[in-house]
>>> print(open('input32.pdb').read())   # PDB, C-alpha atoms and all ligand atoms
ATOM      1  CA  MET A   1       6.798  16.306  54.438
ATOM      2  CA  LYS A   2       3.210  15.884  53.449
ATOM      3  CA  ILE A   3       1.992  12.365  52.832
ATOM      4  CA  LYS A   4       0.735  12.010  49.307
ATOM      5  CA  SER A   5      -2.503  10.262  48.642
ATOM      6  CA  VAL A   6      -2.616   7.310  46.344
ATOM      7  CA  MET A   7      -5.072   6.886  43.529
ATOM      8  CA  LEU A   8      -5.758   3.403  42.244
ATOM      9  CA  LYS A   9      -6.681   2.878  38.637
ATOM     10  CA  PHE A  10      -7.838  -0.107  36.700
ATOM     11  CA  LYS A  11      -8.356  -0.368  32.952
ATOM     12  CA  CYS A  12     -10.816  -2.925  31.718
ATOM     13  CA  LYS A  13      -8.780  -3.527  28.581
ATOM     14  CA  ASP A  14      -5.854  -4.729  30.735
ATOM     15  CA  VAL A  15      -7.800  -7.894  31.447
ATOM     16  CA  GLY A  16      -8.593  -8.488  27.807
ATOM     17  CA  PHE A  17     -11.834  -6.652  27.071
ATOM     18  CA  GLU A  18     -12.273  -4.361  24.077
ATOM     19  CA  CYS A  19     -13.374  -1.620  26.377
ATOM     20  CA  SER A  20     -12.339   1.856  27.438
ATOM     21  CA  PHE A  21     -13.685   1.653  30.986
ATOM     22  CA  VAL A  22     -11.348   2.914  33.691
ATOM     23  CA  ALA A  23     -12.120   2.523  37.388
ATOM     24  CA  LYS A  24     -10.553   5.019  39.783
ATOM     25  CA  GLY A  25     -10.639   4.888  43.530
ATOM     26  CA  LYS A  26      -8.826   5.009  46.831
ATOM     27  CA  THR A  27      -9.002   1.342  47.756
ATOM     28  CA  GLU A  28      -8.953  -2.056  46.058
ATOM     29  CA  ASP A  29     -12.449  -2.737  47.351
ATOM     30  CA  ASP A  30     -13.668   0.467  45.748
ATOM     31  CA  ILE A  31     -12.143  -0.546  42.407
ATOM     32  CA  LEU A  32     -13.534  -4.075  42.680
ATOM     33  CA  SER A  33     -17.060  -2.886  43.368
ATOM     34  CA  GLN A  34     -16.899  -0.458  40.427
ATOM     35  CA  CYS A  35     -15.640  -3.304  38.238
ATOM     36  CA  ALA A  36     -18.409  -5.613  39.423
ATOM     37  CA  ASN A  37     -21.014  -2.987  38.462
ATOM     38  CA  HIS A  38     -19.307  -2.330  35.164
ATOM     39  CA  ALA A  39     -19.040  -6.025  34.308
ATOM     40  CA  LYS A  40     -22.718  -6.483  35.073
ATOM     41  CA  ASN A  41     -24.002  -3.358  33.315
ATOM     42  CA  ASP A  42     -21.687  -3.122  30.320
ATOM     43  CA  HIS A  43     -20.563  -6.699  29.743
ATOM     44  CA  GLY A  44     -23.768  -8.422  30.815
ATOM     45  CA  MET A  45     -21.887 -10.609  33.289
ATOM     46  CA  LYS A  46     -23.742 -12.433  36.021
ATOM     47  CA  PRO A  47     -22.609 -12.082  39.644
ATOM     48  CA  GLU A  48     -21.508 -15.729  39.647
ATOM     49  CA  GLU A  49     -19.238 -15.009  36.691
ATOM     50  CA  ILE A  50     -17.294 -12.526  38.784
ATOM     51  CA  THR A  51     -15.123 -15.177  40.345
ATOM     52  CA  ASP A  52     -12.200 -14.941  42.745
ATOM     53  CA  GLU A  53      -9.988 -15.649  39.774
ATOM     54  CA  LEU A  54     -11.356 -12.597  37.976
ATOM     55  CA  ARG A  55     -11.022 -10.495  41.122
ATOM     56  CA  ASN A  56      -7.395 -11.555  41.463
ATOM     57  CA  LYS A  57      -6.803 -10.701  37.826
ATOM     58  CA  ILE A  58      -8.280  -7.261  38.414
ATOM     59  CA  LYS A  59      -6.197  -6.758  41.567
ATOM     60  CA  ALA A  60      -3.051  -7.742  39.683
ATOM     61  CA  ASN A  61      -3.811  -5.063  37.085
ATOM     62  CA  ILE A  62      -4.583  -2.188  39.433
ATOM     63  CA  HIS A  63      -2.077   0.600  38.951
ATOM     64  CA  LYS A  64      -1.183   3.078  41.641
ATOM     65  CA  SER A  65      -0.464   6.677  40.984
ATOM     66  CA  TRP A  66       0.715   9.172  43.565
ATOM     67  CA  PHE A  67      -0.104  12.815  43.530
TER      68      PHE A  67
HETATM   69 ZN    ZN A 101     -15.259  -3.209  30.314
END
>>> encode(input="input32.pdb", output="structure tokens", more="lines below")
Ligand SMILES: [Zn+2]
Amino acid sequence: MKIKSVMLKFKCKDVGFECSFVAKGKTEDDILSQCANHAKNDHGMKPEEITDELRNKIKANIHKSWF
């Protein structure tokens, strides 16, 4: 049986933003770095505003899909 690869997805609106951004990647770190860029570029957040609490919130809202 072939091992399926997992795709991780995160929707910005799942953490309370009015936003249609979706991050897709293979690893949590990949998602988190995309979110950090997105938060900075599209929400005008400063690096110090991307706290561990926010990271944990993002991690808790990452969905896995198998294909
Ligand atoms: Zn957003």
>>> resolve_selection(input="input32.pdb", expression="the PyMOL selection byres (((not hetatm)) within 12 of (chain A and resi 101))", output="PDB file with C-alpha atoms, in the frame of the given file")
ATOM      1  CA  PHE A  10      -7.838  -0.107  36.700  1.00  0.00           C
ATOM      2  CA  LYS A  11      -8.356  -0.368  32.952  1.00  0.00           C
ATOM      3  CA  CYS A  12     -10.816  -2.925  31.718  1.00  0.00           C
ATOM      4  CA  LYS A  13      -8.780  -3.527  28.581  1.00  0.00           C
ATOM      5  CA  ASP A  14      -5.854  -4.729  30.735  1.00  0.00           C
ATOM      6  CA  VAL A  15      -7.800  -7.894  31.447  1.00  0.00           C
ATOM      7  CA  GLY A  16      -8.593  -8.488  27.807  1.00  0.00           C
ATOM      8  CA  PHE A  17     -11.834  -6.652  27.071  1.00  0.00           C
ATOM      9  CA  GLU A  18     -12.273  -4.361  24.077  1.00  0.00           C
ATOM     10  CA  CYS A  19     -13.374  -1.620  26.377  1.00  0.00           C
ATOM     11  CA  SER A  20     -12.339   1.856  27.438  1.00  0.00           C
ATOM     12  CA  PHE A  21     -13.685   1.653  30.986  1.00  0.00           C
ATOM     13  CA  VAL A  22     -11.348   2.914  33.691  1.00  0.00           C
ATOM     14  CA  ALA A  23     -12.120   2.523  37.388  1.00  0.00           C
ATOM     15  CA  GLN A  34     -16.899  -0.458  40.427  1.00  0.00           C
ATOM     16  CA  CYS A  35     -15.640  -3.304  38.238  1.00  0.00           C
ATOM     17  CA  ALA A  36     -18.409  -5.613  39.423  1.00  0.00           C
ATOM     18  CA  ASN A  37     -21.014  -2.987  38.462  1.00  0.00           C
ATOM     19  CA  HIS A  38     -19.307  -2.330  35.164  1.00  0.00           C
ATOM     20  CA  ALA A  39     -19.040  -6.025  34.308  1.00  0.00           C
ATOM     21  CA  LYS A  40     -22.718  -6.483  35.073  1.00  0.00           C
ATOM     22  CA  ASN A  41     -24.002  -3.358  33.315  1.00  0.00           C
ATOM     23  CA  ASP A  42     -21.687  -3.122  30.320  1.00  0.00           C
ATOM     24  CA  HIS A  43     -20.563  -6.699  29.743  1.00  0.00           C
ATOM     25  CA  GLY A  44     -23.768  -8.422  30.815  1.00  0.00           C
ATOM     26  CA  MET A  45     -21.887 -10.609  33.289  1.00  0.00           C
ATOM     27  CA  ILE A  58      -8.280  -7.261  38.414  1.00  0.00           C
TER      28      ILE A  58
END
>>> resolve_selection(input="input32.pdb", expression="the PyMOL selection byres (((chain A and resi 26) around 9) and not hetatm)", output="PyMOL selection string")
chain A and resi 5-9+24-25+27-31
>>> atom_distance(input="input32.pdb", atom1="atom CA of A:Trp66", atom2="atom CA of A:Lys4")
6.4 Å
>>> atom_distance(input="input32.pdb", atom1="atom CA of A:Arg55", atom2="atom CA of A:Leu32")
7.1 Å
>>> decode(input="input32.pdb", residues="stretch 48-59 of chain A", atoms="C-alpha atoms", output="compact mmCIF listing (two decimals), in the first residue's frame")
# COMPACT_ATOMS: atom_id res chain seq x y z
CA GLU A 48 6.57 40.89 18.19
CA GLU A 49 2.81 40.61 17.80
CA ILE A 50 3.21 37.09 16.46
CA THR A 51 3.40 35.54 19.88
CA ASP A 52 3.64 31.93 21.00
CA GLU A 53 -0.01 32.21 21.92
CA LEU A 54 -0.88 33.14 18.35
CA ARG A 55 1.33 30.37 17.00
CA ASN A 56 -0.42 27.86 19.23
CA LYS A 57 -3.77 29.16 18.06
CA ILE A 58 -2.67 28.69 14.46
CA LYS A 59 -1.35 25.19 15.17
